[in-house]
file query-v6.cif (mmCIF, C-alpha atoms)
data_model
#
loop_
_atom_site.label_atom_id
_atom_site.label_comp_id
_atom_site.auth_asym_id
_atom_site.auth_seq_id
_atom_site.Cartn_x
_atom_site.Cartn_y
_atom_site.Cartn_z
CA MET A 172 -43.02 -34.45 -12.84
CA LEU A 173 -40.72 -32.81 -15.38
CA ASN A 174 -42.16 -29.42 -14.48
CA ARG A 175 -41.40 -29.99 -10.80
CA ILE A 176 -37.81 -31.01 -11.50
CA LEU A 177 -37.41 -27.94 -13.71
CA PHE A 178 -38.94 -25.72 -11.01
CA TYR A 179 -36.65 -27.01 -8.27
CA GLY A 180 -33.62 -27.01 -10.57
CA ILE A 181 -34.09 -23.39 -11.62
CA GLY A 182 -34.83 -22.43 -8.03
CA ALA A 183 -31.64 -24.08 -6.80
CA ILE A 184 -29.50 -22.39 -9.46
CA ALA A 185 -31.08 -19.00 -8.73
CA LEU A 186 -30.55 -19.42 -4.99
CA ALA A 187 -26.92 -20.44 -5.52
CA ALA A 188 -26.25 -17.53 -7.88
CA ILE A 189 -27.87 -14.95 -5.58
CA THR A 190 -25.91 -16.26 -2.57
CA PHE A 191 -22.65 -16.38 -4.53
CA PHE A 192 -22.81 -12.84 -5.88
CA PHE A 193 -24.13 -11.36 -2.64
CA THR A 194 -21.32 -13.02 -0.66
CA ARG A 195 -18.72 -11.95 -3.21
CA GLY A 196 -19.89 -8.34 -2.98
CA MET A 197 -19.80 -8.43 0.80
CA VAL A 198 -16.28 -9.92 0.89
CA VAL A 199 -14.97 -7.30 -1.56
CA GLN A 200 -16.58 -4.46 0.36
CA LYS A 201 -15.58 -5.66 3.83
CA ALA A 202 -11.98 -6.65 3.01
CA PRO A 203 -10.48 -3.13 3.35
CA VAL A 204 -12.33 -2.57 6.64
CA LYS A 205 -11.05 -5.87 7.98
CA VAL A 206 -7.48 -5.04 6.92
CA MET A 207 -7.74 -1.61 8.55
CA SER A 208 -9.08 -3.11 11.77
CA THR A 209 -6.19 -5.57 11.86
CA ILE A 210 -3.58 -2.85 11.31
CA GLU A 211 -5.26 -0.55 13.85
CA ALA A 212 -5.15 -3.31 16.46
CA ARG A 213 -1.43 -3.84 15.76
CA ILE A 214 -0.66 -0.13 15.99
CA ALA A 215 -2.71 0.30 19.17
CA ALA A 216 -1.01 -2.72 20.74
CA GLY A 217 2.43 -1.35 19.88
CA ALA A 218 1.65 2.23 20.96
CA GLY A 219 0.00 1.27 24.21
CA GLY A 220 -3.51 2.21 23.10
CA TRP A 221 -5.59 4.12 20.59
CA ASN A 222 -4.75 7.78 19.85
CA ALA A 223 -1.10 7.18 20.69
CA CYS A 224 2.02 7.47 18.49
CA LEU A 225 3.92 4.38 17.36
CA HIS A 226 7.32 5.06 15.79
CA ASN A 227 9.34 2.83 13.51
CA GLN A 228 12.92 3.65 14.44
CA VAL A 229 14.70 1.16 12.21
CA TYR A 230 16.09 1.99 8.79
CA GLY A 231 15.70 -0.54 5.99
CA PRO A 232 13.63 -3.67 5.48
CA ARG A 233 11.75 -5.03 8.49
CA THR A 234 10.20 -8.47 8.66
CA ASN A 235 7.12 -7.25 10.53
CA ALA A 236 6.33 -4.47 8.07
CA ALA A 237 3.11 -4.31 6.05
CA ARG A 238 3.01 -5.91 2.62
CA ARG A 239 5.01 -3.90 0.06
CA ALA A 240 6.11 -1.36 2.67
CA ASN A 241 8.67 1.27 1.66
CA PRO A 242 11.98 0.88 3.56
CA ASP A 243 13.06 4.43 2.66
CA SER A 244 10.06 5.99 4.32
CA ILE A 245 10.31 5.97 8.12
CA ILE A 246 6.81 5.88 9.52
CA SER A 247 5.11 7.05 12.68
CA SER A 248 1.55 5.83 12.99
CA MET A 249 -1.50 6.30 15.14
CA ALA A 250 -4.74 4.35 15.24
CA TYR A 251 -7.39 6.93 16.04
CA ASP A 252 -10.77 6.63 17.68
CA LEU A 253 -12.86 9.80 17.79
CA SER A 254 -15.64 8.41 19.97
CA ASP A 255 -14.33 10.33 23.00
CA GLY A 256 -13.72 13.56 21.09
CA PRO A 257 -11.23 15.13 18.68
CA VAL A 258 -7.65 13.86 18.52
CA ARG A 259 -4.53 16.00 18.07
CA ILE A 260 -1.33 15.18 16.20
CA ALA A 261 1.42 17.78 16.31
CA GLY A 262 5.17 18.17 15.96
CA GLU A 263 7.92 19.23 13.59
CA THR A 264 8.27 18.36 9.92
CA TRP A 265 11.36 16.68 8.43
CA PRO A 266 13.25 18.61 5.75
CA ARG A 267 14.17 15.76 3.37
CA TYR A 268 10.48 14.92 3.00
CA TRP A 269 7.60 14.75 5.45
CA SER A 270 3.95 13.98 4.89
CA LEU A 271 0.95 13.51 7.12
CA SER A 272 -1.79 11.26 5.75
CA PHE A 273 -5.15 10.22 7.17
CA TYR A 274 -6.94 6.98 6.23
CA GLN A 275 -10.59 6.33 6.91
CA GLN A 276 -11.95 2.92 7.82
CA ASN A 277 -12.43 1.78 4.21
CA SER A 278 -8.66 2.48 3.67
CA ASP A 279 -9.13 5.62 1.51
CA ASN A 280 -6.42 8.25 2.00
CA PHE A 281 -8.86 11.12 2.57
CA PHE A 282 -6.26 13.77 3.47
CA VAL A 283 -2.56 14.26 2.87
CA VAL A 284 -0.26 17.23 3.29
CA ASN A 285 3.53 17.52 2.94
CA ASP A 286 6.13 19.83 4.45
CA LEU A 287 6.41 22.03 1.35
CA GLU A 288 2.71 22.84 1.60
CA LEU A 289 2.97 24.16 5.17
CA ASP A 290 3.82 27.72 6.15
CA SER A 291 6.23 26.64 8.89
CA SER A 292 8.28 23.65 10.01
CA SER A 293 5.78 22.76 12.73
CA PHE A 294 2.37 21.16 12.35
CA ASP A 295 -0.70 20.90 14.54
CA TYR A 296 -3.78 19.03 13.27
CA VAL A 297 -6.99 18.16 15.09
CA LEU A 298 -8.93 15.18 13.75
CA THR A 299 -12.64 15.45 14.39
CA LEU A 300 -15.97 13.98 13.41
CA ASP A 301 -18.47 16.17 11.62
CA GLY A 302 -20.36 18.10 14.31
CA GLN A 303 -17.83 17.67 17.13
CA ASP A 304 -16.92 20.88 18.92
CA THR A 305 -13.36 22.00 18.18
CA SER A 306 -13.68 25.56 19.48
CA GLY A 307 -10.74 26.57 21.64
CA LEU A 308 -8.65 23.57 20.58
CA GLY A 309 -6.46 25.44 18.10
CA GLY A 310 -4.69 23.56 15.36
CA THR A 311 -6.06 22.84 11.91
CA PRO A 312 -9.27 20.80 12.10
CA ILE A 313 -9.69 17.90 9.67
CA VAL A 314 -13.02 16.04 9.53
CA SER A 315 -12.72 12.28 9.40
CA PRO A 316 -15.50 10.48 7.48
CA THR A 317 -15.31 7.60 9.98
CA GLU A 318 -14.96 7.32 13.74
CA LYS A 319 -11.85 5.17 13.49
CA GLY A 320 -8.91 5.22 11.12
CA ILE A 321 -5.13 5.52 10.81
CA VAL A 322 -2.70 8.44 10.68
CA LEU A 323 0.72 8.01 9.08
CA VAL A 324 3.65 10.39 9.19
CA ARG A 325 6.29 9.59 6.58
CA ARG A 326 9.85 10.88 6.65
CA PHE A 327 12.30 10.16 3.86
CA ALA A 328 15.54 8.56 5.05
CA ALA A 329 18.19 8.50 2.34
CA ASP A 330 20.23 6.06 4.43
CA ALA A 331 20.84 4.97 8.02
CA SER A 332 22.73 8.18 8.85
CA ASP A 333 19.39 10.05 8.80
CA MET A 334 18.00 7.97 11.65
CA PRO A 335 19.27 9.91 14.70
CA GLY A 336 17.65 13.10 13.37
CA ILE A 337 14.46 11.25 12.49
CA ILE A 338 14.25 9.62 15.90
CA ALA A 339 14.64 13.02 17.60
CA ASN A 340 11.93 14.36 15.29
CA GLN A 341 9.65 11.43 16.17
CA GLU A 342 10.13 11.91 19.88
CA ALA A 343 9.09 15.57 19.64
CA MET A 344 5.77 14.50 18.11
CA THR A 345 2.58 14.34 20.19
CA CYS A 346 -0.55 12.25 19.65
CA GLY A 347 -3.62 12.10 21.90
CA LEU A 348 -7.04 13.43 22.72
CA ALA A 349 -7.20 17.13 21.88
CA MET B 11 -41.64 -34.01 5.25
CA LYS B 12 -41.45 -32.74 1.69
CA HIS B 13 -41.08 -29.15 2.90
CA LEU B 14 -38.38 -30.16 5.34
CA ILE B 15 -36.34 -31.79 2.56
CA THR B 16 -36.76 -28.65 0.42
CA LEU B 17 -35.66 -26.46 3.31
CA ILE B 18 -32.58 -28.61 4.05
CA GLY B 19 -31.71 -28.55 0.34
CA ALA B 20 -31.99 -24.75 0.25
CA VAL B 21 -29.81 -24.36 3.34
CA LEU B 22 -27.16 -26.64 1.84
CA ILE B 23 -27.19 -24.68 -1.43
CA VAL B 24 -26.84 -21.36 0.43
CA ALA B 25 -24.04 -22.72 2.63
CA ALA B 26 -22.12 -24.22 -0.31
CA SER B 27 -22.50 -21.06 -2.40
CA PHE B 28 -21.43 -18.90 0.52
CA PHE B 29 -18.23 -20.85 1.18
CA LEU B 30 -17.44 -21.15 -2.54
CA ALA B 31 -17.90 -17.39 -3.03
CA ARG B 32 -15.86 -16.52 0.03
CA THR B 33 -12.99 -18.84 -0.84
CA THR B 34 -12.76 -17.91 -4.53
CA THR B 35 -13.13 -14.18 -3.85
CA VAL B 36 -10.45 -14.09 -1.18
CA LYS B 37 -8.17 -16.16 -3.42
CA SER B 38 -8.71 -13.86 -6.39
CA LEU B 39 -8.09 -10.77 -4.27
CA THR B 40 -4.93 -12.10 -2.64
CA ASN B 41 -3.12 -13.99 -5.36
CA SER B 42 0.38 -12.64 -5.86
CA ASN B 43 -0.23 -10.24 -8.74
CA SER B 44 -3.91 -9.47 -8.27
CA ILE B 45 -3.14 -6.05 -6.83
CA PHE B 46 -1.87 -5.09 -10.28
CA ASP B 47 -4.73 -6.54 -12.36
CA THR B 48 -6.35 -3.15 -12.78
CA PHE B 49 -3.09 -1.22 -13.23
CA GLU B 50 -2.51 0.41 -16.60
CA ASP B 51 0.22 -1.06 -18.82
CA VAL B 52 2.49 1.90 -19.64
CA ASP B 53 5.18 0.45 -21.88
CA GLY B 54 5.07 -3.34 -21.63
CA THR B 55 7.36 -3.33 -18.58
CA TRP B 56 5.88 -0.87 -16.13
CA LEU B 57 2.35 -0.80 -14.77
CA PHE B 58 0.76 2.30 -13.27
CA SER B 59 -2.19 3.21 -11.10
CA ASP B 60 -3.45 6.54 -9.81
CA LYS B 61 -6.28 4.86 -7.86
CA ILE B 62 -4.22 3.89 -4.80
CA GLY B 63 -5.87 5.29 -1.69
CA ALA B 64 -8.37 7.11 -3.88
CA ALA B 65 -12.07 7.55 -3.27
CA ALA B 66 -12.52 7.02 -7.02
CA ALA B 67 -11.23 3.43 -6.80
CA SER B 68 -13.76 0.67 -7.41
CA ASP B 69 -14.60 -1.74 -4.59
CA VAL B 70 -12.40 -4.40 -6.19
CA GLU B 71 -9.46 -2.02 -6.70
CA ARG B 72 -9.74 -0.82 -3.10
CA ALA B 73 -9.89 -4.39 -1.74
CA ARG B 74 -6.90 -5.54 -3.80
CA VAL B 75 -4.74 -2.64 -2.68
CA ALA B 76 -5.84 -3.03 0.96
CA LEU B 77 -4.84 -6.69 0.92
CA GLY B 78 -1.70 -6.42 -1.22
CA GLY B 79 -0.23 -3.05 -0.24
CA PRO B 80 -2.27 -1.15 2.30
CA LEU B 81 -1.98 2.53 3.24
CA GLY B 82 -0.52 3.85 0.02
CA LEU B 83 -0.56 7.56 -0.68
CA SER B 84 -3.08 9.08 -3.04
CA ALA B 85 -1.86 10.34 -6.41
CA LYS B 86 -1.92 13.89 -5.07
CA GLU B 87 1.24 13.02 -3.12
CA ALA B 88 2.95 10.08 -4.84
CA VAL B 89 2.58 7.84 -7.86
CA TYR B 90 3.46 4.17 -8.15
CA PHE B 91 4.89 2.13 -11.02
CA VAL B 92 5.43 -1.64 -10.85
CA ALA B 93 7.43 -4.00 -13.06
CA THR B 94 6.74 -7.71 -12.93
CA LYS B 95 8.39 -8.36 -16.33
CA ASP B 96 11.59 -7.37 -18.08
CA ASP B 97 11.76 -5.35 -21.30
CA GLU B 98 11.30 -8.55 -23.34
CA GLY B 99 8.07 -9.35 -21.53
CA ALA B 100 9.47 -12.28 -19.50
CA PRO B 101 8.56 -12.48 -15.81
CA LEU B 102 11.26 -11.28 -13.42
CA ARG B 103 12.89 -14.44 -12.01
CA SER B 104 15.15 -14.82 -9.03
CA GLN B 105 17.90 -16.80 -10.78
CA CYS B 106 18.42 -14.13 -13.45
CA THR B 107 20.54 -10.98 -13.40
CA TYR B 108 19.01 -7.71 -14.57
CA ARG B 109 20.36 -4.25 -15.25
CA VAL B 110 17.87 -1.52 -14.40
CA THR B 111 18.90 1.74 -16.05
CA GLY B 112 16.99 4.83 -15.16
CA PRO B 113 16.81 8.47 -16.18
CA ALA B 114 16.86 11.53 -13.94
CA ILE B 115 13.26 11.68 -12.75
CA ASP B 116 11.94 15.19 -12.23
CA THR B 117 10.52 14.66 -8.77
CA ARG B 118 11.35 15.42 -5.15
CA TRP B 119 12.56 11.89 -4.47
CA TRP B 120 12.00 8.37 -5.70
CA SER B 121 12.75 4.85 -4.55
CA LEU B 122 13.07 1.49 -6.28
CA THR B 123 12.14 -1.48 -4.09
CA LEU B 124 12.25 -5.22 -4.74
CA TYR B 125 9.55 -7.53 -3.35
CA ASP B 126 9.05 -11.27 -3.50
CA SER B 127 5.86 -11.64 -5.57
CA VAL B 128 4.60 -14.56 -3.49
CA THR B 129 5.15 -13.23 0.03
CA GLN B 130 4.67 -9.62 -1.15
CA HIS B 131 7.39 -8.68 1.34
CA TYR B 132 11.07 -7.83 1.27
CA VAL B 133 13.56 -10.53 0.35
CA PRO B 134 15.83 -11.25 3.33
CA ASN B 135 19.50 -10.82 2.44
CA ASP B 136 22.87 -10.33 4.16
CA GLU B 137 23.12 -6.73 2.96
CA ASN B 138 19.71 -5.93 4.48
CA ARG B 139 18.95 -4.05 1.29
CA SER B 140 15.69 -4.07 -0.60
CA SER B 141 15.85 -0.68 -2.28
CA TRP B 142 17.81 2.19 -3.72
CA ASN B 143 16.59 5.75 -3.70
CA SER B 144 17.28 8.98 -5.57
CA VAL B 145 19.85 10.09 -2.98
CA SER B 146 21.61 6.80 -2.25
CA VAL B 147 22.03 5.58 -5.83
CA PRO B 148 25.21 6.74 -7.62
CA ARG B 149 24.38 8.87 -10.62
CA ALA B 150 26.19 9.90 -13.78
CA ASP B 151 26.62 13.59 -14.62
CA GLU B 152 23.40 13.66 -16.60
CA GLY B 153 21.53 12.07 -13.69
CA THR B 154 21.18 8.57 -15.08
CA TRP B 155 21.66 5.59 -12.75
CA VAL B 156 22.06 1.83 -12.86
CA VAL B 157 20.88 -0.77 -10.35
CA ASN B 158 22.02 -4.39 -10.70
CA VAL B 159 19.40 -6.93 -9.61
CA ALA B 160 20.84 -10.38 -8.97
CA PRO B 161 20.79 -13.24 -6.45
CA THR B 162 24.55 -12.96 -5.84
CA PRO B 163 26.66 -9.91 -4.90
CA GLN B 164 27.47 -7.43 -7.68
CA THR B 165 30.36 -5.01 -7.71
CA GLU B 166 28.12 -1.93 -7.88
CA THR B 167 24.62 -0.92 -6.74
CA TRP B 168 23.46 -4.45 -5.99
CA LEU B 169 19.78 -5.00 -5.33
CA PRO B 170 19.53 -8.59 -4.05
CA SER B 171 16.89 -10.95 -5.37
CA GLN B 172 16.43 -14.20 -3.47
CA GLU B 173 18.87 -17.05 -3.75
CA ALA B 174 16.14 -19.65 -4.23
CA PRO B 175 15.68 -20.19 -7.98
CA ASP B 176 12.46 -19.86 -9.96
CA GLN B 177 10.89 -17.28 -7.67
CA ASN B 178 9.02 -14.36 -9.18
CA PHE B 179 9.74 -10.88 -7.91
CA GLU B 180 8.65 -7.36 -8.72
CA LEU B 181 10.17 -3.90 -8.73
CA MET B 182 8.21 -0.94 -7.41
CA LEU B 183 9.15 2.60 -8.38
CA ARG B 184 7.65 5.22 -6.07
CA VAL B 185 7.73 8.82 -7.23
CA TYR B 186 7.08 11.37 -4.47
CA ASN B 187 5.96 14.93 -5.21
CA PRO B 188 6.51 14.74 -8.97
CA SER B 189 7.10 18.12 -10.60
CA ASP B 190 4.25 19.73 -12.51
CA ALA B 191 5.99 18.80 -15.77
CA THR B 192 6.26 15.14 -14.71
CA ARG B 193 2.70 15.07 -13.45
CA ALA B 194 1.40 16.52 -16.72
CA ARG B 195 2.88 13.57 -18.64
CA LEU B 196 1.81 10.77 -16.28
CA PRO B 197 1.93 7.89 -16.77
CA ASN B 198 3.98 8.37 -19.94
CA ILE B 199 7.17 9.63 -18.34
CA GLU B 200 10.57 8.18 -19.18
CA LEU B 201 10.85 5.03 -17.06
CA PRO B 202 13.81 2.75 -16.27
CA SER B 203 14.67 -0.05 -18.65
CA VAL B 204 14.77 -3.54 -17.14
CA GLU B 205 17.26 -5.53 -19.18
CA ARG B 206 17.92 -9.21 -18.54
CA VAL B 207 21.69 -9.72 -18.54
CA SER B 208 21.87 -13.46 -17.85
CA CYS B 209 19.96 -16.39 -16.44
#
call {"tool": "encode", "arguments": {"input": "query-v6.cif", "output": "structure tokens"}}
result
Amino acid sequence: MLNRILFYGIGAIALAAITFFFTRGMVVQKAPVKVMSTIEARIAAGAGGWNACLHNQVYGPRTNAARRANPDSIISSMAYDLSDGPVRIAGETWPRYWSLSFYQQNSDNFFVVNDLELDSSSFDYVLTLDGQDTSGLGGTPIVSPTEKGIVLVRRFAADASDMPGIIANQEAMTCGLA
Amino acid sequence: MKHLITLIGAVLIVAASFFLARTTTVKSLTNSNSIFDTFEDVDGTWLFSDKIGAAAASDVERARVALGGPLGLSAKEAVYFVATKDDEGAPLRSQCTYRVTGPAIDTRWWSLTLYDSVTQHYVPNDENRSSWNSVSVPRADEGTWVVNVAPTPQTETWLPSQEAPDQNFELMLRVYNPSDATRARLPNIELPSVERVSC
């Protein structure tokens, strides 16, 4: 009798421990993907679809910004989906500070470049999956590790007086299938 | 019958363990300061991480950053310092006034932003200000600067904390395109002091 109680007791503890640690691992691993999916859906909804630009055109704190967002960095974003082919993002840089950063689906910032690293004040990047044909598309190809992800363009605004120039810069930017 | 009872017991154990694990894990990943748990303590006031957005981050570090401050730049582009305490080691509290005195930082630009530690968002205020940056902040000849953090208006460079008392907040210093000399000394660069003036 004692042996049976011991057997079931140990079995129950082992089952609980295995379930607990497996679930914990899954939650930790899936959390960034879930966050990215949520942000992508918000960007796509605001931009009118995937592979489209969404521009913040307000200087300073915004109530609908992401957690711990930077109010001095004016952001254009795009939720990308490479299932229909490569996606292009192109435009002009911003002299105070400009950077283009790509985030894969687990939230890693797998590529970033800033205006000082470019040869000219214009940029033209083509996001692609490994193996997709980019011949004849021009631009600088960047391979995304995942089919979906997020592109951010940051421009430094010292104060609100920078906004007209930034808005003009944003409106000259293009996002879409290459 | 005996097997059925065993099976029901096993299902209940799995279900209870699943919900317990999910609840406690999400809570531990999202509590107000958990994003900083794996940051390095630089000088007792400022915390630092070069794992934001990095492939080298552990699963837990990646999850905490994704939940608490998603889409940060990798250390190749910018580095992040956070203060949740003053220079005496006391948590930053909304009812207190602080003087943040900083050096000239050898970098392309920097910004200092205040966040409510609970909401992890900006603190609403009449000035609509939650930050100062390297261009907007007035600087002395040698490049030093002062920002006054307080719940009520200050005569100069006011960074508003919330009017509600007993709320924790944090200061985030973002350093974009640090010079090679700054980068070589990271994280041990000269950082702002956070002095409590009154409470």
call {"tool": "interface_residues", "arguments": {"input": "query-v6.cif", "of": "chain B", "to": "chain A", "cutoff": "8 Å", "atoms": "only C-alpha atoms", "output": "ChimeraX atom specification"}}
result
/B:20,23-24,27-28,30-32,35-36,63-65,69-70,72-73,76-84,86-87,121,123,125,130-132,138-141,143-146
call {"tool": "resolve_selection", "arguments": {"input": "query-v6.cif", "expression": "the PyMOL selection byres ((chain B and resi 46) around 9)", "output": "ChimeraX atom specification"}}
result
/B:43-45,47-50,57-59,71,74-75,92
call {"tool": "atom_distance", "arguments": {"input": "query-v6.cif", "atom1": "atom CA of B:Thr154", "atom2": "atom CA of B:Val185"}}
result
15.6 Å
call {"tool": "atom_distance", "arguments": {"input": "query-v6.cif", "atom1": "atom CA of A:Leu298", "atom2": "atom CA of A:Pro257"}}
result
5.4 Å
call {"tool": "resolve_selection", "arguments": {"input": "query-v6.cif", "expression": "the PyMOL selection byres ((chain B and resi 190-197) around 10)", "output": "count of residues only"}}
result
26
call {"tool": "atom_distance", "arguments": {"input": "query-v6.cif", "atom1": "atom CA of B:Thr165", "atom2": "atom CA of B:Ser127"}}
result
25.5 Å
call {"tool": "closest_residue", "arguments": {"input": "query-v6.cif", "among": "B:Ala67, B:Ala100, B:Ala26, B:Ala174", "to": "B:Pro134", "atoms": "all atoms listed in the file"}}
result
B:Ala174
call {"tool": "closest_residue", "arguments": {"input": "query-v6.cif", "among": "A:Asp286, A:Asn340, A:Cys346, A:Arg259", "to": "A:Ile313", "atoms": "all atoms listed in the file"}}
result
A:Arg259
